Amino acid sequence: MSKQAKPSIVFVHGLWADGSCFSKLIPVLQAEGHDVIAAQHGLDPLASDVAAVRNTLGRVRSPVILVGHSYGGTLITAAGTDPRVAGLVYIAALAPDAHETSQSLQAKVSRHGSLFAHRSR
């Protein structure tokens, strides 16, 4: 990536939210020269929500940084395999491994008190 080209940024919201939760961040990043957009997914089945994020990637220049919050972390983990994606940023977000679901990861947190405590064993 050239020094002048800045990555695009796609925000991905969590449950019980929508892209407007990033409305204060988007203009600040746009003023710095980034293409920025918030993906809108409908809390449909996982595959549909991931498809909505991937469709959003086509609306900005590559390379793209995906930023996920909460359930949005699950979506950026899945959509992050797209070749247009240069990086993933998790903000208080789920980051399930290939064999995990959002629900199984949340169950670990409930049993162990925190995800960090569980993963550090």
# chains A, B, ... in the order shown; residues from 1 in each chain; ligands from 1
call {"tool": "residues_around", "arguments": {"residues": "A:Thr77", "least_positions_apart": "3", "cutoff": "8 Å", "atoms": "only C-alpha atoms", "output": "PDB file with N, CA, C and O atoms, in the first residue's frame"}}
result
ATOM      1  N   GLY A  73     -17.945  -9.061  15.809  1.00  0.00           N
ATOM      2  CA  GLY A  73     -16.676  -9.792  15.790  1.00  0.00           C
ATOM      3  C   GLY A  73     -16.810 -11.147  15.122  1.00  0.00           C
ATOM      4  O   GLY A  73     -15.922 -11.583  14.382  1.00  0.00           O
ATOM      5  N   THR A  74     -17.923 -11.820  15.380  1.00  0.00           N
ATOM      6  CA  THR A  74     -18.182 -13.098  14.715  1.00  0.00           C
ATOM      7  C   THR A  74     -18.272 -12.893  13.206  1.00  0.00           C
ATOM      8  O   THR A  74     -17.723 -13.679  12.425  1.00  0.00           O
ATOM      9  N   GLY A  80     -13.571 -11.920   7.131  1.00  0.00           N
ATOM     10  CA  GLY A  80     -12.168 -11.521   7.045  1.00  0.00           C
ATOM     11  C   GLY A  80     -11.323 -12.366   6.130  1.00  0.00           C
ATOM     12  O   GLY A  80     -10.177 -12.010   5.835  1.00  0.00           O
ATOM     13  N   THR A  81     -11.856 -13.464   5.644  1.00  0.00           N
ATOM     14  CA  THR A  81     -11.117 -14.296   4.693  1.00  0.00           C
ATOM     15  C   THR A  81     -11.163 -13.732   3.276  1.00  0.00           C
ATOM     16  O   THR A  81     -10.453 -14.205   2.402  1.00  0.00           O
ATOM     17  N   LEU A  88      -8.290  -7.016  10.763  1.00  0.00           N
ATOM     18  CA  LEU A  88      -9.488  -7.106  11.591  1.00  0.00           C
ATOM     19  C   LEU A  88      -9.229  -6.393  12.908  1.00  0.00           C
ATOM     20  O   LEU A  88      -8.155  -6.543  13.499  1.00  0.00           O
ATOM     21  N   ALA A  95     -14.731 -13.423  19.035  1.00  0.00           N
ATOM     22  CA  ALA A  95     -13.790 -13.872  18.006  1.00  0.00           C
ATOM     23  C   ALA A  95     -13.726 -15.397  18.047  1.00  0.00           C
ATOM     24  O   ALA A  95     -12.751 -15.985  18.518  1.00  0.00           O
ATOM     25  N   PRO A  96     -14.780 -16.047  17.583  1.00  0.00           N
ATOM     26  CA  PRO A  96     -14.818 -17.502  17.681  1.00  0.00           C
ATOM     27  C   PRO A  96     -13.801 -18.188  16.771  1.00  0.00           C
ATOM     28  O   PRO A  96     -13.514 -17.713  15.674  1.00  0.00           O
TER      29      PRO A  96
END
call {"tool": "select_by_dssp", "arguments": {"residues": "chain A", "states": "helix (DSSP H, G or I)", "output": "ChimeraX atom specification"}}
result
/A:19-22,25-31,46-57,71-79,102-112,115-119
call {"tool": "write_last_selection", "arguments": {"atoms": "N, CA and C atoms", "output": "tab-separated table (two decimals), in the first residue's frame"}}
result
chain	number	residue	atom	x	y	z
A	19	GLY	N	-25.81	0.33	12.27
A	19	GLY	CA	-24.61	1.06	11.88
A	19	GLY	C	-24.53	2.48	12.43
A	20	SER	N	-25.66	3.03	12.86
A	20	SER	CA	-25.64	4.39	13.38
A	20	SER	C	-24.84	4.52	14.67
A	21	CYS	N	-24.54	3.41	15.33
A	21	CYS	CA	-23.75	3.50	16.56
A	21	CYS	C	-22.32	3.97	16.28
A	22	PHE	N	-21.91	3.98	15.02
A	22	PHE	CA	-20.58	4.46	14.64
A	22	PHE	C	-20.63	5.87	14.04
A	25	LEU	N	-17.79	8.32	14.77
A	25	LEU	CA	-16.46	7.92	14.30
A	25	LEU	C	-16.29	8.10	12.79
A	26	ILE	N	-17.35	7.83	12.05
A	26	ILE	CA	-17.24	7.82	10.60
A	26	ILE	C	-16.76	9.16	10.04
A	27	PRO	N	-17.35	10.31	10.40
A	27	PRO	CA	-16.87	11.57	9.81
A	27	PRO	C	-15.44	11.92	10.19
A	28	VAL	N	-15.02	11.54	11.38
A	28	VAL	CA	-13.64	11.81	11.81
A	28	VAL	C	-12.66	11.04	10.92
A	29	LEU	N	-12.96	9.77	10.68
A	29	LEU	CA	-12.08	8.96	9.84
A	29	LEU	C	-12.14	9.38	8.37
A	30	GLN	N	-13.31	9.80	7.92
A	30	GLN	CA	-13.42	10.30	6.55
A	30	GLN	C	-12.59	11.57	6.38
A	31	ALA	N	-12.58	12.42	7.40
A	31	ALA	CA	-11.79	13.66	7.34
A	31	ALA	C	-10.29	13.35	7.25
A	46	LEU	N	-26.51	-16.60	10.40
A	46	LEU	CA	-25.10	-16.19	10.31
A	46	LEU	C	-24.64	-16.00	8.87
A	47	ALA	N	-24.94	-16.94	8.01
A	47	ALA	CA	-24.49	-16.85	6.61
A	47	ALA	C	-25.03	-15.59	5.93
A	48	SER	N	-26.26	-15.22	6.21
A	48	SER	CA	-26.84	-14.01	5.62
A	48	SER	C	-26.18	-12.76	6.16
A	49	ASP	N	-25.88	-12.75	7.47
A	49	ASP	CA	-25.22	-11.59	8.05
A	49	ASP	C	-23.79	-11.44	7.51
A	50	VAL	N	-23.08	-12.55	7.35
A	50	VAL	CA	-21.74	-12.51	6.78
A	50	VAL	C	-21.81	-12.02	5.32
A	51	ALA	N	-22.80	-12.49	4.58
A	51	ALA	CA	-22.97	-12.04	3.19
A	51	ALA	C	-23.22	-10.54	3.12
A	52	ALA	N	-23.96	-10.00	4.08
A	52	ALA	CA	-24.21	-8.55	4.10
A	52	ALA	C	-22.90	-7.79	4.32
A	53	VAL	N	-22.04	-8.32	5.18
A	53	VAL	CA	-20.74	-7.67	5.41
A	53	VAL	C	-19.89	-7.76	4.15
A	54	ARG	N	-19.85	-8.92	3.53
A	54	ARG	CA	-19.06	-9.08	2.29
A	54	ARG	C	-19.58	-8.16	1.19
A	55	ASN	N	-20.89	-8.00	1.09
A	55	ASN	CA	-21.45	-7.09	0.09
A	55	ASN	C	-21.01	-5.66	0.36
A	56	THR	N	-20.90	-5.28	1.62
A	56	THR	CA	-20.46	-3.94	1.98
A	56	THR	C	-19.02	-3.71	1.55
A	57	LEU	N	-18.19	-4.75	1.55
A	57	LEU	CA	-16.79	-4.60	1.13
A	57	LEU	C	-16.70	-4.05	-0.29
A	71	TYR	N	-21.29	-9.04	18.59
A	71	TYR	CA	-21.57	-10.04	17.57
A	71	TYR	C	-20.90	-9.70	16.23
A	72	GLY	N	-20.63	-8.44	15.99
A	72	GLY	CA	-19.91	-8.03	14.79
A	72	GLY	C	-18.55	-8.70	14.67
A	73	GLY	N	-17.94	-9.06	15.81
A	73	GLY	CA	-16.68	-9.79	15.79
A	73	GLY	C	-16.81	-11.15	15.12
A	74	THR	N	-17.92	-11.82	15.38
A	74	THR	CA	-18.18	-13.10	14.72
A	74	THR	C	-18.27	-12.89	13.21
A	75	LEU	N	-18.92	-11.82	12.80
A	75	LEU	CA	-19.10	-11.56	11.37
A	75	LEU	C	-17.78	-11.19	10.69
A	76	ILE	N	-16.95	-10.36	11.35
A	76	ILE	CA	-15.68	-10.00	10.70
A	76	ILE	C	-14.72	-11.17	10.68
A	77	THR	N	-14.84	-12.08	11.66
A	77	THR	CA	-14.00	-13.28	11.63
A	77	THR	C	-14.30	-14.08	10.37
A	78	ALA	N	-15.59	-14.25	10.06
A	78	ALA	CA	-15.98	-15.02	8.88
A	78	ALA	C	-15.71	-14.25	7.59
A	79	ALA	N	-16.03	-12.97	7.54
A	79	ALA	CA	-15.85	-12.18	6.33
A	79	ALA	C	-14.39	-11.80	6.10
A	102	SER	N	-20.89	-18.19	18.12
A	102	SER	CA	-21.06	-17.09	19.08
A	102	SER	C	-21.66	-17.62	20.38
A	103	GLN	N	-22.63	-18.51	20.26
A	103	GLN	CA	-23.31	-19.04	21.44
A	103	GLN	C	-22.37	-19.89	22.30
A	104	SER	N	-21.55	-20.73	21.67
A	104	SER	CA	-20.65	-21.57	22.47
A	104	SER	C	-19.58	-20.72	23.15
A	105	LEU	N	-19.15	-19.67	22.49
A	105	LEU	CA	-18.17	-18.77	23.09
A	105	LEU	C	-18.78	-18.02	24.27
A	106	GLN	N	-20.01	-17.56	24.13
A	106	GLN	CA	-20.68	-16.87	25.23
A	106	GLN	C	-20.92	-17.82	26.40
A	107	ALA	N	-21.19	-19.09	26.13
A	107	ALA	CA	-21.39	-20.06	27.20
A	107	ALA	C	-20.10	-20.24	28.01
A	108	LYS	N	-18.95	-20.19	27.36
A	108	LYS	CA	-17.68	-20.28	28.08
A	108	LYS	C	-17.51	-19.10	29.02
A	109	VAL	N	-17.89	-17.92	28.56
A	109	VAL	CA	-17.79	-16.73	29.40
A	109	VAL	C	-18.69	-16.89	30.62
A	110	SER	N	-19.89	-17.39	30.42
A	110	SER	CA	-20.83	-17.57	31.52
A	110	SER	C	-20.30	-18.57	32.54
A	111	ARG	N	-19.69	-19.64	32.09
A	111	ARG	CA	-19.17	-20.68	33.00
A	111	ARG	C	-17.93	-20.24	33.74
A	112	HIS	N	-17.07	-19.46	33.10
A	112	HIS	CA	-15.76	-19.16	33.66
A	112	HIS	C	-15.61	-17.72	34.15
A	115	LEU	N	-13.75	-14.54	29.43
A	115	LEU	CA	-13.14	-15.27	28.32
A	115	LEU	C	-11.65	-15.37	28.52
A	116	PHE	N	-11.03	-14.30	29.01
A	116	PHE	CA	-9.59	-14.30	29.22
A	116	PHE	C	-9.19	-15.41	30.19
A	117	ALA	N	-9.93	-15.54	31.28
A	117	ALA	CA	-9.60	-16.57	32.27
A	117	ALA	C	-9.68	-17.95	31.64
A	118	HIS	N	-10.68	-18.17	30.80
A	118	HIS	CA	-10.82	-19.48	30.16
A	118	HIS	C	-9.68	-19.74	29.17
A	119	ARG	N	-9.37	-18.79	28.34
A	119	ARG	CA	-8.38	-19.00	27.29
A	119	ARG	C	-6.96	-19.04	27.83
call {"tool": "select_by_dssp", "arguments": {"residues": "stretch 2-96 of chain A", "states": "strand (DSSP E or B)", "output": "PyMOL selection string"}}
result
chain A and resi 8-12+36-39+64-70+85-93
call {"tool": "atom_distance", "arguments": {"atom1": "atom CA of A:Val10", "atom2": "atom CA of A:Asp44"}}
result
19.1 Å
call {"tool": "atom_distance", "arguments": {"atom1": "atom CA of A:Thr101", "atom2": "atom CA of A:Ala38"}}
result
23.0 Å
